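File shown: input-v4.cif. Contents: mmCIF, C-alpha atoms.
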```cif
data_my_file
loop_
_atom_site.label_atom_id
_atom_site.label_comp_id
_atom_site.auth_asym_id
_atom_site.auth_seq_id
_atom_site.Cartn_x
_atom_site.Cartn_y
_atom_site.Cartn_z
CA MET A 19 0.00 0.00 0.00
CA ARG A 20 2.83 2.41 0.90
CA ALA A 21 4.59 1.79 -2.42
CA PHE A 22 1.30 2.33 -4.28
CA LEU A 23 0.65 5.65 -2.51
CA LEU A 24 4.22 6.76 -3.12
CA ALA A 25 3.96 5.90 -6.83
CA LYS A 26 0.68 7.84 -7.05
CA LEU A 27 2.24 10.81 -5.24
CA ILE A 28 5.24 10.83 -7.58
CA SER A 29 2.95 10.66 -10.65
CA LEU A 30 0.90 13.50 -9.21
CA ALA A 31 3.99 15.64 -8.66
CA ILE A 32 5.24 14.96 -12.19
CA ALA A 33 1.82 15.62 -13.73
CA SER A 34 1.49 18.87 -11.79
CA LEU A 35 4.95 20.00 -12.89
CA PHE A 36 4.18 19.27 -16.54
CA ALA A 37 0.80 20.99 -16.24
CA LEU A 38 2.54 24.12 -15.01
CA LEU A 39 5.12 24.01 -17.79
CA CYS A 40 2.95 23.06 -20.76
CA ALA A 41 2.39 25.53 -23.60
CA ASP A 42 -1.37 25.72 -23.20
CA GLY A 43 -1.09 26.77 -19.56
CA PRO A 44 -1.60 30.32 -18.30
CA ALA A 45 -0.05 33.17 -20.29
CA ARG A 46 3.49 34.04 -19.33
CA GLY A 47 3.61 36.48 -16.46
CA GLN A 48 0.15 35.51 -15.26
CA PRO A 49 -0.04 33.57 -12.00
CA PHE A 50 -1.43 30.07 -12.09
CA GLU A 51 -4.54 29.73 -9.98
CA TRP A 52 -5.68 26.30 -8.81
CA GLN A 53 -9.30 25.46 -9.52
CA LYS A 54 -11.30 23.27 -7.14
CA ALA A 55 -13.54 20.35 -8.04
CA THR A 56 -15.28 17.52 -6.26
CA PRO A 57 -13.43 14.20 -6.20
CA GLU A 58 -16.34 12.53 -8.02
CA SER A 59 -16.23 15.05 -10.90
CA GLN A 60 -12.64 13.95 -11.51
CA GLY A 61 -13.25 10.20 -11.28
CA LEU A 62 -12.27 9.79 -7.61
CA SER A 63 -14.21 8.70 -4.56
CA GLY A 64 -14.68 11.31 -1.85
CA GLN A 65 -15.56 8.51 0.56
CA LYS A 66 -12.26 6.71 -0.13
CA LEU A 67 -10.32 9.95 0.21
CA ASP A 68 -12.03 10.57 3.56
CA ALA A 69 -10.95 7.07 4.68
CA LEU A 70 -7.40 7.74 3.47
CA LYS A 71 -7.35 11.05 5.36
CA ASP A 72 -8.58 9.35 8.52
CA GLU A 73 -5.85 6.70 8.28
CA LEU A 74 -3.17 9.29 7.57
CA ALA A 75 -4.40 11.43 10.48
CA ARG A 76 -4.17 8.37 12.72
CA ARG A 77 -0.54 8.08 11.66
CA ARG A 78 0.03 11.76 12.50
CA THR A 79 0.11 13.05 8.93
CA ARG A 80 -0.53 16.77 9.01
CA VAL A 81 -1.63 17.60 5.47
CA LEU A 82 -3.27 15.84 2.55
CA LEU A 83 -3.64 17.54 -0.82
CA VAL A 84 -4.96 15.64 -3.84
CA ILE A 85 -4.83 17.19 -7.30
CA ARG A 86 -6.39 15.56 -10.35
CA ASN A 87 -6.60 17.07 -13.83
CA ASP A 88 -5.15 20.35 -12.54
CA LYS A 89 -7.91 20.71 -9.97
CA ILE A 90 -7.72 20.46 -6.19
CA VAL A 91 -10.14 17.67 -5.36
CA TYR A 92 -9.24 17.13 -1.70
CA GLU A 93 -7.53 19.36 0.82
CA TRP A 94 -7.20 18.65 4.53
CA TYR A 95 -5.05 20.12 7.29
CA ALA A 96 -4.62 18.74 10.80
CA GLU A 97 -5.14 21.13 13.68
CA GLY A 98 -2.39 23.76 13.78
CA ASN A 99 -1.64 23.42 10.05
CA ASN A 100 -2.85 25.40 7.05
CA GLN A 101 -1.96 26.38 3.48
CA ALA A 102 0.61 28.91 4.64
CA LYS A 103 2.50 26.65 7.05
CA THR A 104 5.65 25.14 5.57
CA GLN A 105 5.75 21.34 5.69
CA GLY A 106 8.98 19.34 5.68
CA THR A 107 9.08 16.64 3.05
CA ALA A 108 11.65 14.31 4.70
CA SER A 109 11.65 11.05 2.74
CA LEU A 110 9.30 12.38 0.09
CA ALA A 111 12.10 14.54 -1.31
CA LYS A 112 14.34 11.47 -1.56
CA ALA A 113 11.58 9.52 -3.27
CA LEU A 114 10.92 12.26 -5.81
CA VAL A 115 14.55 12.94 -6.62
CA GLY A 116 15.60 9.29 -6.48
CA GLY A 117 12.49 8.05 -8.24
CA LEU A 118 12.70 10.60 -11.04
CA SER A 119 16.43 10.03 -11.44
CA LEU A 120 15.92 6.27 -11.61
CA GLY A 121 13.10 6.71 -14.12
CA VAL A 122 15.30 8.85 -16.36
CA ALA A 123 18.23 6.43 -16.06
CA VAL A 124 15.96 3.48 -16.95
CA SER A 125 14.34 5.29 -19.89
CA ASP A 126 17.78 6.35 -21.15
CA GLY A 127 18.94 2.73 -20.95
CA ARG A 128 21.70 3.54 -18.45
CA ILE A 129 20.37 1.16 -15.80
CA GLN A 130 18.05 -1.85 -15.77
CA LEU A 131 15.68 -2.60 -12.90
CA ASP A 132 16.98 -6.17 -12.68
CA ASP A 133 20.65 -5.11 -12.56
CA LEU A 134 22.42 -6.15 -9.40
CA ALA A 135 22.99 -3.09 -7.22
CA MET A 136 26.61 -4.18 -6.64
CA LYS A 137 27.26 -3.16 -10.27
CA TYR A 138 26.87 0.43 -9.06
CA ILE A 139 27.90 -0.08 -5.41
CA PRO A 140 31.16 -2.08 -5.70
CA VAL A 141 31.63 -2.45 -1.92
CA TRP A 142 28.55 -4.72 -1.89
CA LYS A 143 30.28 -7.28 -4.16
CA ASP A 144 31.77 -9.29 -1.27
CA ASP A 145 28.67 -9.19 0.94
CA ALA A 146 26.62 -12.41 0.63
CA LYS A 147 23.27 -10.64 1.06
CA LYS A 148 23.89 -7.27 -0.57
CA SER A 149 25.53 -8.82 -3.65
CA THR A 150 22.17 -10.34 -4.66
CA ILE A 151 20.02 -7.21 -4.28
CA THR A 152 18.62 -5.71 -7.49
CA ILE A 153 17.84 -2.11 -8.37
CA ARG A 154 14.16 -3.11 -8.54
CA GLN A 155 14.32 -4.35 -4.92
CA LEU A 156 15.97 -1.14 -3.75
CA GLY A 157 13.40 0.99 -5.58
CA SER A 158 10.45 -0.96 -4.19
CA HIS A 159 11.83 -1.28 -0.64
CA THR A 160 11.86 -5.08 -0.89
CA SER A 161 15.62 -5.63 -0.60
CA GLY A 162 15.44 -7.01 2.93
CA LEU A 163 17.89 -4.40 4.22
CA ALA A 164 17.18 -3.32 7.76
CA ASP A 165 15.47 -0.02 8.44
CA SER A 166 17.73 2.80 9.58
CA THR A 167 16.15 2.89 13.02
CA THR A 168 16.91 0.88 16.12
CA PRO A 169 13.90 -1.21 17.16
CA GLY A 170 12.33 -0.10 20.44
CA VAL A 171 14.14 3.26 20.46
CA LYS A 172 12.14 6.48 19.98
CA ASN A 173 12.97 8.40 16.80
CA GLU A 174 14.54 11.36 18.61
CA GLU A 175 16.71 8.96 20.67
CA GLN A 176 18.17 7.17 17.64
CA PRO A 177 21.98 7.22 17.42
CA CYS A 178 23.95 9.78 15.37
CA TRP A 179 22.28 11.73 12.59
CA MET A 180 19.03 9.77 12.84
CA GLY A 181 18.25 11.11 16.30
CA ASP A 182 19.45 14.59 15.34
CA PHE A 183 17.05 14.60 12.40
CA TRP A 184 14.06 13.83 14.61
CA LYS A 185 15.14 16.38 17.22
CA ARG A 186 14.97 18.95 14.42
CA LEU A 187 18.26 20.52 15.51
CA PRO A 188 19.30 23.68 13.66
CA PRO A 189 22.00 23.37 10.95
CA PRO A 190 24.67 22.12 10.70
CA ARG A 191 23.25 19.23 12.80
#
```
Please lay out the structure from this file as structure tokens.
Amino acid sequence: MRAFLLAKLISLAIASLFALLCADGPARGQPFEWQKATPESQGLSGQKLDALKDELARRRTRVLLVIRNDKIVYEWYAEGNNQAKTQGTASLAKALVGGLSLGVAVSDGRIQLDDLAMKYIPVWKDDAKKSTITIRQLGSHTSGLADSTTPGVKNEEQPCWMGDFWKRLPPPR
């Protein structure tokens, strides 16, 4: 489910970017203004989006914005959040940059999804487990590599940079 949502989010980001850049968009120098529409008018289920929002809220997500066909079809903010409040993207930024980069590399024929990752990460060659991991497995989070967190330890108490990230320490930490 997480991979599916991530794939949908990436496609949404790409589609939105292309919509903003396409020739038939707003005249140069004129600001783009988002239109609103009901989910149903754009082929989506408002009921399913409500259920998604409820699940995301349960997991402490603070914002959900769904855009379809250049129209905002669902917009929700948890208490204390709004359109003007900046939201950190954390792993989303990695997924967008990494996912787009991988997509370009695959479409350009520079990398194949079933290539062994050790082809590009030579230090993995002598590791029994890592030497069998494919690019596809890394991209779909099915490689079997351990998460970067220590089980049973709160995020902000993780060792090194991981704990610093969750403590939201000011740069350079």
**Request:** Go through A:Asn87, A:Gln53, A:Ser125, A:Glu93 and flag the residue nearest A:Leu67, using all atoms listed in the file for the distances.
**Result:** A:Glu93
**Atom-to-atom span, atom CA of A:Val124 and atom CA of A:Ala164, Å** =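 Atom CA of A:Val124 sits 25.7 Å away from atom CA of A:Ala164.
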**Request:** Might you pull out every residue within 7 Å of A:Ile153, with all atoms listed in the file counted and same-chain residues fewer than 3 positions away left off, and present them as a PyMOL selection string?
**Result:** chain A and resi 131-135+156-157
**Asked** Hey, what comes out of the PyMOL selection byres ((chain A and resi 136) around 12) on this file? Could you write it as number ranges by chain?
**Response** A: 132-135, 137-153, 156
**Request:** Tell me which of A:Ile90, A:Ala75, A:Ala102, A:Leu120 sits closest to A:Arg154, counting all atoms listed in the file.
**Result:** A:Leu120
**Message:** Would you compute the distance between atom CA of A:Ile85 and atom CA of A:Lys112? Give it in Å to one decimal.
**Reply:**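 So the two atoms, atom CA of A:Ile85 and atom CA of A:Lys112, lie 20.8 Å apart.
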**Item:** Contact residues around stretch 176-178 of chain A with all atoms listed in the file at 9 Å, ignoring same-chain residues under 6 positions, as a list in words
**Value:** Thr167, Thr168 and Trp184 of chain A
**From A:Leu70, A:Ala123, A:Glu175, A:Gly117, residue lying nearest A:Ser158 [all atoms listed in the file]** =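 Under the stated criterion, the closest residue is A:Gly117.
Interatomic distance, atom CA of A:Gln155 to atom CA of A:Ile129: 13.6 Å.
Put simply, the PyMOL selection byres ((chain A and resi 52) around 9) on this file hits Phe50, Glu51, Gln53, Lys54, Asp88, Lys89 and Ile90 of chain A.
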**Message:** What would the selection look like, as a PyMOL selection string, if the PyMOL selection byres ((chain A and resi 106) around 12) were run on the coordinates I just shared?
**Reply:** chain A and resi 79-81+103-105+107-112+183-184+186
**Request:** Could you give me, as a PyMOL selection string, the residues that sit within 12 Å of (-12.6, 9.8, -7.6) in the file's coordinates, counting only C-alpha atoms?
**Result:** chain A and resi 55-68+84-87+90-92
Can you tell me, as lines of an AutoDock Vina configuration file, the centre and edge lengths (Å, one decimal) of the axis-aligned box enclosing all of stretch 89-93 of chain A's listed atoms after padding each side by 3 Å?
```
center_x = -8.8
center_y = 18.9
center_z = -4.6
size_x = 8.6
size_y = 9.6
size_z = 16.8
```
Would you mind putting back N, CA and C atoms on stretch 141-172 of chain A, then writing it out as a PDB file, keeping the file's coordinate frame?
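And here's selection_31.pdb as it stands now:
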```pdb
ATOM      1  N   VAL A 141      31.325  -1.904  -3.243  1.00  0.00           N
ATOM      2  CA  VAL A 141      31.630  -2.450  -1.920  1.00  0.00           C
ATOM      3  C   VAL A 141      30.645  -3.540  -1.504  1.00  0.00           C
ATOM      4  N   TRP A 142      29.524  -3.679  -2.204  1.00  0.00           N
ATOM      5  CA  TRP A 142      28.550  -4.720  -1.890  1.00  0.00           C
ATOM      6  C   TRP A 142      28.933  -6.066  -2.514  1.00  0.00           C
ATOM      7  N   LYS A 143      29.917  -6.076  -3.411  1.00  0.00           N
ATOM      8  CA  LYS A 143      30.280  -7.280  -4.160  1.00  0.00           C
ATOM      9  C   LYS A 143      30.634  -8.463  -3.260  1.00  0.00           C
ATOM     10  N   ASP A 144      31.316  -8.213  -2.148  1.00  0.00           N
ATOM     11  CA  ASP A 144      31.770  -9.290  -1.270  1.00  0.00           C
ATOM     12  C   ASP A 144      30.809  -9.596  -0.130  1.00  0.00           C
ATOM     13  N   ASP A 145      29.662  -8.944  -0.104  1.00  0.00           N
ATOM     14  CA  ASP A 145      28.670  -9.190   0.940  1.00  0.00           C
ATOM     15  C   ASP A 145      27.642 -10.192   0.409  1.00  0.00           C
ATOM     16  N   ALA A 146      27.500 -11.324   1.102  1.00  0.00           N
ATOM     17  CA  ALA A 146      26.620 -12.410   0.630  1.00  0.00           C
ATOM     18  C   ALA A 146      25.200 -11.933   0.359  1.00  0.00           C
ATOM     19  N   LYS A 147      24.649 -11.096   1.237  1.00  0.00           N
ATOM     20  CA  LYS A 147      23.270 -10.640   1.060  1.00  0.00           C
ATOM     21  C   LYS A 147      23.172  -9.494   0.063  1.00  0.00           C
ATOM     22  N   LYS A 148      23.987  -8.467   0.268  1.00  0.00           N
ATOM     23  CA  LYS A 148      23.890  -7.270  -0.570  1.00  0.00           C
ATOM     24  C   LYS A 148      24.260  -7.548  -2.027  1.00  0.00           C
ATOM     25  N   SER A 149      25.104  -8.537  -2.276  1.00  0.00           N
ATOM     26  CA  SER A 149      25.530  -8.820  -3.650  1.00  0.00           C
ATOM     27  C   SER A 149      24.401  -9.387  -4.520  1.00  0.00           C
ATOM     28  N   THR A 150      23.288  -9.772  -3.897  1.00  0.00           N
ATOM     29  CA  THR A 150      22.170 -10.340  -4.660  1.00  0.00           C
ATOM     30  C   THR A 150      20.994  -9.376  -4.823  1.00  0.00           C
ATOM     31  N   ILE A 151      21.112  -8.192  -4.252  1.00  0.00           N
ATOM     32  CA  ILE A 151      20.020  -7.210  -4.280  1.00  0.00           C
ATOM     33  C   ILE A 151      19.989  -6.494  -5.636  1.00  0.00           C
ATOM     34  N   THR A 152      18.786  -6.386  -6.197  1.00  0.00           N
ATOM     35  CA  THR A 152      18.620  -5.710  -7.490  1.00  0.00           C
ATOM     36  C   THR A 152      18.178  -4.261  -7.305  1.00  0.00           C
ATOM     37  N   ILE A 153      18.308  -3.500  -8.364  1.00  0.00           N
ATOM     38  CA  ILE A 153      17.840  -2.110  -8.370  1.00  0.00           C
ATOM     39  C   ILE A 153      16.328  -2.080  -8.132  1.00  0.00           C
ATOM     40  N   ARG A 154      15.610  -3.017  -8.736  1.00  0.00           N
ATOM     41  CA  ARG A 154      14.160  -3.110  -8.540  1.00  0.00           C
ATOM     42  C   ARG A 154      13.829  -3.271  -7.047  1.00  0.00           C
ATOM     43  N   GLN A 155      14.572  -4.124  -6.351  1.00  0.00           N
ATOM     44  CA  GLN A 155      14.320  -4.350  -4.920  1.00  0.00           C
ATOM     45  C   GLN A 155      14.614  -3.086  -4.109  1.00  0.00           C
ATOM     46  N   LEU A 156      15.677  -2.383  -4.460  1.00  0.00           N
ATOM     47  CA  LEU A 156      15.970  -1.140  -3.750  1.00  0.00           C
ATOM     48  C   LEU A 156      14.866  -0.113  -3.985  1.00  0.00           C
ATOM     49  N   GLY A 157      14.429   0.004  -5.237  1.00  0.00           N
ATOM     50  CA  GLY A 157      13.400   0.990  -5.580  1.00  0.00           C
ATOM     51  C   GLY A 157      12.044   0.687  -4.994  1.00  0.00           C
ATOM     52  N   SER A 158      11.767  -0.589  -4.730  1.00  0.00           N
ATOM     53  CA  SER A 158      10.450  -0.960  -4.190  1.00  0.00           C
ATOM     54  C   SER A 158      10.515  -1.297  -2.697  1.00  0.00           C
ATOM     55  N   HIS A 159      11.642  -1.028  -2.073  1.00  0.00           N
ATOM     56  CA  HIS A 159      11.830  -1.280  -0.640  1.00  0.00           C
ATOM     57  C   HIS A 159      11.586  -2.742  -0.275  1.00  0.00           C
ATOM     58  N   THR A 160      12.022  -3.645  -1.154  1.00  0.00           N
ATOM     59  CA  THR A 160      11.860  -5.080  -0.890  1.00  0.00           C
ATOM     60  C   THR A 160      13.210  -5.793  -0.852  1.00  0.00           C
ATOM     61  N   SER A 161      14.274  -5.054  -0.583  1.00  0.00           N
ATOM     62  CA  SER A 161      15.620  -5.630  -0.600  1.00  0.00           C
ATOM     63  C   SER A 161      15.924  -6.476   0.629  1.00  0.00           C
ATOM     64  N   GLY A 162      15.165  -6.285   1.694  1.00  0.00           N
ATOM     65  CA  GLY A 162      15.440  -7.010   2.930  1.00  0.00           C
ATOM     66  C   GLY A 162      16.451  -6.306   3.816  1.00  0.00           C
ATOM     67  N   LEU A 163      16.961  -5.157   3.375  1.00  0.00           N
ATOM     68  CA  LEU A 163      17.890  -4.400   4.220  1.00  0.00           C
ATOM     69  C   LEU A 163      17.130  -3.855   5.421  1.00  0.00           C
ATOM     70  N   ALA A 164      17.807  -3.802   6.535  1.00  0.00           N
ATOM     71  CA  ALA A 164      17.180  -3.320   7.760  1.00  0.00           C
ATOM     72  C   ALA A 164      16.869  -1.829   7.658  1.00  0.00           C
ATOM     73  N   ASP A 165      15.825  -1.416   8.355  1.00  0.00           N
ATOM     74  CA  ASP A 165      15.470  -0.020   8.440  1.00  0.00           C
ATOM     75  C   ASP A 165      16.606   0.719   9.149  1.00  0.00           C
ATOM     76  N   SER A 166      16.648   2.029   8.980  1.00  0.00           N
ATOM     77  CA  SER A 166      17.730   2.800   9.580  1.00  0.00           C
ATOM     78  C   SER A 166      17.485   3.124  11.050  1.00  0.00           C
ATOM     79  N   THR A 167      16.420   2.605  11.613  1.00  0.00           N
ATOM     80  CA  THR A 167      16.150   2.890  13.020  1.00  0.00           C
ATOM     81  C   THR A 167      16.434   1.677  13.886  1.00  0.00           C
ATOM     82  N   THR A 168      16.664   1.934  15.150  1.00  0.00           N
ATOM     83  CA  THR A 168      16.910   0.880  16.120  1.00  0.00           C
ATOM     84  C   THR A 168      15.581   0.489  16.735  1.00  0.00           C
ATOM     85  N   PRO A 169      15.188  -0.784  16.614  1.00  0.00           N
ATOM     86  CA  PRO A 169      13.900  -1.210  17.160  1.00  0.00           C
ATOM     87  C   PRO A 169      13.775  -0.893  18.656  1.00  0.00           C
ATOM     88  N   GLY A 170      12.599  -0.381  19.038  1.00  0.00           N
ATOM     89  CA  GLY A 170      12.330  -0.100  20.440  1.00  0.00           C
ATOM     90  C   GLY A 170      12.903   1.219  20.938  1.00  0.00           C
ATOM     91  N   VAL A 171      13.552   1.981  20.060  1.00  0.00           N
ATOM     92  CA  VAL A 171      14.140   3.260  20.460  1.00  0.00           C
ATOM     93  C   VAL A 171      13.345   4.374  19.765  1.00  0.00           C
ATOM     94  N   LYS A 172      12.904   5.365  20.545  1.00  0.00           N
ATOM     95  CA  LYS A 172      12.140   6.480  19.980  1.00  0.00           C
ATOM     96  C   LYS A 172      12.962   7.189  18.900  1.00  0.00           C
TER      97      LYS A 172
END
```
